file upload-v6.cif (mmCIF, C-alpha atoms; chains and numbers go by the auth columns)
data_protein
loop_
_atom_site.group_PDB
_atom_site.id
_atom_site.type_symbol
_atom_site.label_atom_id
_atom_site.label_comp_id
_atom_site.label_asym_id
_atom_site.label_seq_id
_atom_site.Cartn_x
_atom_site.Cartn_y
_atom_site.Cartn_z
_atom_site.B_iso_or_equiv
_atom_site.auth_seq_id
_atom_site.auth_asym_id
ATOM 1 C CA MET A 1 40.127 -5.789 -26.744 0.00 47 X
ATOM 2 C CA ALA A 2 37.658 -7.708 -28.900 0.00 48 X
ATOM 3 C CA LEU A 3 40.386 -8.400 -31.460 0.00 49 X
ATOM 4 C CA ARG A 4 42.742 -9.649 -28.770 0.00 50 X
ATOM 5 C CA GLN A 5 40.025 -11.988 -27.529 0.00 51 X
ATOM 6 C CA ARG A 6 39.269 -13.083 -31.109 0.00 52 X
ATOM 7 C CA ARG A 7 35.695 -11.909 -30.855 0.00 53 X
ATOM 8 C CA TRP A 8 35.522 -11.069 -34.534 0.00 54 X
ATOM 9 C CA LEU A 9 31.851 -10.121 -34.746 0.00 55 X
ATOM 10 C CA THR A 10 32.137 -7.746 -31.799 0.00 56 X
ATOM 11 C CA ALA A 11 35.282 -6.185 -33.285 0.00 57 X
ATOM 12 C CA ALA A 12 33.544 -5.734 -36.634 0.00 58 X
ATOM 13 C CA ARG A 13 30.524 -4.139 -34.984 0.00 59 X
ATOM 14 C CA ASN A 14 32.756 -1.796 -32.971 0.00 60 X
ATOM 15 C CA LEU A 15 34.492 -0.750 -36.179 0.00 61 X
ATOM 16 C CA ALA A 16 31.177 -0.330 -37.985 0.00 62 X
ATOM 17 C CA SER A 17 29.873 1.759 -35.098 0.00 63 X
ATOM 18 C CA GLY A 18 32.876 4.060 -35.363 0.00 64 X
ATOM 19 C CA LEU A 19 32.450 4.384 -39.123 0.00 65 X
ATOM 20 C CA ILE A 20 28.753 5.167 -38.684 0.00 66 X
ATOM 21 C CA ALA A 21 29.644 7.841 -36.133 0.00 67 X
ATOM 22 C CA ALA A 22 32.174 9.393 -38.528 0.00 68 X
ATOM 23 C CA ALA A 23 29.582 9.335 -41.319 0.00 69 X
ATOM 24 C CA ILE A 24 27.116 11.157 -39.057 0.00 70 X
ATOM 25 C CA VAL A 25 29.689 13.799 -38.093 0.00 71 X
ATOM 26 C CA TYR A 26 30.850 14.451 -41.645 0.00 72 X
ATOM 27 C CA GLY A 27 27.351 14.100 -43.078 0.00 73 X
ATOM 28 C CA LEU A 28 26.136 16.871 -40.815 0.00 74 X
ATOM 29 C CA MET A 29 29.177 18.934 -41.821 0.00 75 X
ATOM 30 C CA LEU A 30 28.218 18.513 -45.490 0.00 76 X
ATOM 31 C CA VAL A 31 24.606 19.454 -44.759 0.00 77 X
ATOM 32 C CA ASP A 32 25.867 22.602 -43.037 0.00 78 X
ATOM 33 C CA LEU A 33 28.127 23.443 -45.975 0.00 79 X
ATOM 34 C CA TRP A 34 25.247 22.891 -48.376 0.00 80 X
ATOM 35 C CA LEU A 35 22.538 24.740 -46.439 0.00 81 X
ATOM 36 C CA GLY A 36 24.669 27.185 -44.445 0.00 82 X
ATOM 37 C CA LEU A 37 22.775 26.523 -41.219 0.00 83 X
ATOM 38 C CA TRP A 38 25.413 27.603 -38.697 0.00 84 X
ATOM 39 C CA PRO A 39 26.477 30.741 -40.619 0.00 85 X
ATOM 40 C CA ARG A 40 22.841 31.906 -40.576 0.00 86 X
ATOM 41 C CA TRP A 41 23.194 32.178 -36.789 0.00 87 X
ATOM 42 C CA GLY A 42 26.665 33.683 -36.961 0.00 88 X
ATOM 43 C CA LEU A 43 28.152 30.379 -35.810 0.00 89 X
ATOM 44 C CA ASP A 44 30.384 27.645 -37.179 0.00 90 X
ATOM 45 C CA TYR A 45 29.735 23.884 -37.174 0.00 91 X
ATOM 46 C CA SER A 46 32.589 22.425 -35.116 0.00 92 X
ATOM 47 C CA THR A 47 33.721 19.241 -36.810 0.00 93 X
ATOM 48 C CA HIS A 48 36.425 18.895 -34.148 0.00 94 X
ATOM 49 C CA SER A 49 33.820 18.974 -31.389 0.00 95 X
ATOM 50 C CA ALA A 50 31.520 16.609 -33.258 0.00 96 X
ATOM 51 C CA LEU A 51 34.339 14.071 -33.666 0.00 97 X
ATOM 52 C CA ALA A 52 35.294 14.401 -30.006 0.00 98 X
ATOM 53 C CA ILE A 53 31.661 13.809 -29.028 0.00 99 X
ATOM 54 C CA ALA A 54 31.483 10.793 -31.356 0.00 100 X
ATOM 55 C CA LEU A 55 34.591 9.332 -29.730 0.00 101 X
ATOM 56 C CA VAL A 56 33.216 9.893 -26.239 0.00 102 X
ATOM 57 C CA VAL A 57 29.886 8.286 -27.170 0.00 103 X
ATOM 58 C CA GLN A 58 31.813 5.242 -28.451 0.00 104 X
ATOM 59 C CA LEU A 59 33.964 5.038 -25.328 0.00 105 X
ATOM 60 C CA TRP A 60 30.915 5.620 -23.096 0.00 106 X
ATOM 61 C CA TRP A 61 29.391 2.358 -24.397 0.00 107 X
ATOM 62 C CA LEU A 62 32.573 0.335 -24.814 0.00 108 X
ATOM 63 C CA LEU A 63 34.253 1.168 -21.500 0.00 109 X
ATOM 64 C CA PRO A 64 31.452 2.239 -19.161 0.00 110 X
ATOM 65 C CA ARG A 65 33.538 2.077 -15.969 0.00 111 X
ATOM 66 C CA LEU A 66 35.432 5.143 -17.157 0.00 112 X
ATOM 67 C CA ARG A 67 32.432 7.256 -18.170 0.00 113 X
ATOM 68 C CA TRP A 68 33.378 10.179 -15.939 0.00 114 X
ATOM 69 C CA LEU A 69 36.856 10.197 -17.454 0.00 115 X
ATOM 70 C CA TRP A 70 35.398 10.329 -20.973 0.00 116 X
ATOM 71 C CA LEU A 71 33.027 13.136 -20.042 0.00 117 X
ATOM 72 C CA GLY A 72 35.800 15.037 -18.264 0.00 118 X
ATOM 73 C CA SER A 73 38.113 14.693 -21.240 0.00 119 X
ATOM 74 C CA LEU A 74 35.386 16.058 -23.534 0.00 120 X
ATOM 75 C CA LEU A 75 34.831 19.071 -21.287 0.00 121 X
ATOM 76 C CA ALA A 76 38.585 19.670 -21.051 0.00 122 X
ATOM 77 C CA TYR A 77 38.830 19.440 -24.840 0.00 123 X
ATOM 78 C CA ALA A 78 36.017 21.977 -25.240 0.00 124 X
ATOM 79 C CA ALA A 79 37.750 24.336 -22.803 0.00 125 X
ATOM 80 C CA LEU A 80 41.005 23.971 -24.752 0.00 126 X
ATOM 81 C CA MET A 81 39.229 24.648 -28.070 0.00 127 X
ATOM 82 C CA ARG A 82 37.715 27.792 -26.554 0.00 128 X
ATOM 83 C CA TYR A 83 40.989 28.905 -24.958 0.00 129 X
ATOM 84 C CA GLN A 84 42.823 28.542 -28.270 0.00 130 X
ATOM 85 C CA GLY A 85 40.053 30.424 -30.059 0.00 131 X
ATOM 86 C CA TYR A 86 39.189 27.653 -32.502 0.00 132 X
ATOM 87 C CA HIS A 87 35.472 27.804 -31.731 0.00 133 X
ATOM 88 C CA SER A 88 33.064 29.760 -29.573 0.00 134 X
ATOM 89 C CA TRP A 89 30.987 28.111 -26.880 0.00 135 X
ATOM 90 C CA GLY A 90 27.998 28.695 -29.155 0.00 136 X
ATOM 91 C CA ASP A 91 29.697 26.797 -31.994 0.00 137 X
ATOM 92 C CA MET A 92 30.441 23.835 -29.755 0.00 138 X
ATOM 93 C CA VAL A 93 27.122 23.747 -27.893 0.00 139 X
ATOM 94 C CA THR A 94 24.996 23.974 -31.045 0.00 140 X
ATOM 95 C CA THR A 95 27.149 21.325 -32.715 0.00 141 X
ATOM 96 C CA ALA A 96 26.682 19.078 -29.678 0.00 142 X
ATOM 97 C CA LEU A 97 22.919 19.661 -29.680 0.00 143 X
ATOM 98 C CA ALA A 98 22.757 18.692 -33.355 0.00 144 X
ATOM 99 C CA VAL A 99 25.074 15.691 -33.385 0.00 145 X
ATOM 100 C CA LEU A 100 24.665 14.119 -29.942 0.00 146 X
ATOM 101 C CA PRO A 101 21.078 12.845 -30.289 0.00 147 X
ATOM 102 C CA VAL A 102 21.855 11.214 -33.648 0.00 148 X
ATOM 103 C CA LEU A 103 25.044 9.617 -32.290 0.00 149 X
ATOM 104 C CA VAL A 104 23.265 8.295 -29.190 0.00 150 X
ATOM 105 C CA ILE A 105 20.415 6.821 -31.243 0.00 151 X
ATOM 106 C CA ALA A 106 22.935 5.147 -33.564 0.00 152 X
ATOM 107 C CA ALA A 107 24.909 3.808 -30.572 0.00 153 X
ATOM 108 C CA ILE A 108 21.748 2.426 -28.968 0.00 154 X
ATOM 109 C CA MET A 109 20.777 0.705 -32.203 0.00 155 X
ATOM 110 C CA VAL A 110 24.225 -0.877 -32.511 0.00 156 X
ATOM 111 C CA MET A 111 24.221 -1.894 -28.837 0.00 157 X
ATOM 112 C CA GLN A 112 20.817 -3.543 -29.177 0.00 158 X
ATOM 113 C CA ARG A 113 22.036 -5.543 -32.169 0.00 159 X
ATOM 114 C CA ARG A 114 25.248 -6.392 -30.308 0.00 160 X
ATOM 115 C CA SER A 115 23.465 -7.675 -27.209 0.00 161 X
ATOM 116 C CA GLY A 116 21.373 -10.038 -29.303 0.00 162 X
ATOM 117 C CA SER A 117 24.330 -11.727 -30.981 0.00 163 X
ATOM 118 C CA HIS A 118 26.966 -14.235 -30.009 0.00 164 X
ATOM 119 C CA ASP A 119 30.553 -14.255 -31.279 0.00 165 X
#
call {"tool": "encode", "arguments": {"input": "upload-v6.cif", "output": "structure tokens"}}
result
Amino acid sequence: MALRQRRWLTAARNLASGLIAAAIVYGLMLVDLWLGLWPRWGLDYSTHSALAIALVVQLWWLLPRLRWLWLGSLLAYAALMRYQGYHSWGDMVTTALAVLPVLVIAAIMVMQRRSGSHD
């Protein structure tokens, strides 16, 4: 939408926010691979869940009128991941507990910078 409206700074910040979110998700994955945190608990870091959460956090801020849709889609995705046996509830919940606070803090920081600027 920002690109269509030629709001270049907003579009760039939205893109940067998404890249930061991806870096957080994959950075935590690398930390887990390096330190073996999830395997110590008999669990698995769910990169799929972390990316889905990152996307929902982005959409939560960018399109707030549809927040319940974003949250519902995340819950449906988690149920599908469980049904297909990709991850346990423990995998997904512990991943969410690890990644969500960092993603929210990053989103808040980007939103604060965004609200103080003009395109």
call {"tool": "atom_distance", "arguments": {"input": "upload-v6.cif", "atom1": "CA of Tyr91 (chain X)", "atom2": "CA of Ile70 (chain X)"}}
result
13.1 Å
call {"tool": "closest_residue", "arguments": {"input": "upload-v6.cif", "among": "X:Thr93, X:Gln51, X:Gln130, X:Gln104", "to": "Ile154 (chain X)", "atoms": "all atoms listed in the file"}}
result
X:Gln104
call {"tool": "atom_distance", "arguments": {"input": "upload-v6.cif", "atom1": "CA of Ala142 (chain X)", "atom2": "CA of Val156 (chain X)"}}
result
20.3 Å
call {"tool": "closest_residue", "arguments": {"input": "upload-v6.cif", "among": "X:Leu89, X:Val103, X:Leu61, X:Leu109", "to": "Tyr132 (chain X)", "atoms": "only C-alpha atoms"}}
result
X:Leu89
call {"tool": "resolve_selection", "arguments": {"input": "upload-v6.cif", "expression": "the PyMOL selection byres ((chain X and resi 140) around 12)", "output": "VMD selection string"}}
result
chain X and resid 83 to 85 87 to 93 95 to 96 133 to 139 141 to 147
call {"tool": "resolve_selection", "arguments": {"input": "upload-v6.cif", "expression": "the PyMOL selection byres ((chain X and resi 108) around 12)", "output": "number ranges by chain"}}
result
X: 47-48, 56-57, 59-61, 63-64, 101-107, 109-113, 116, 153-154, 156-157, 160
call {"tool": "closest_residue", "arguments": {"input": "upload-v6.cif", "among": "X:Arg86, X:Leu81, X:His94, X:Gly73", "to": "Arg128 (chain X)", "atoms": "only C-alpha atoms"}}
result
X:His94
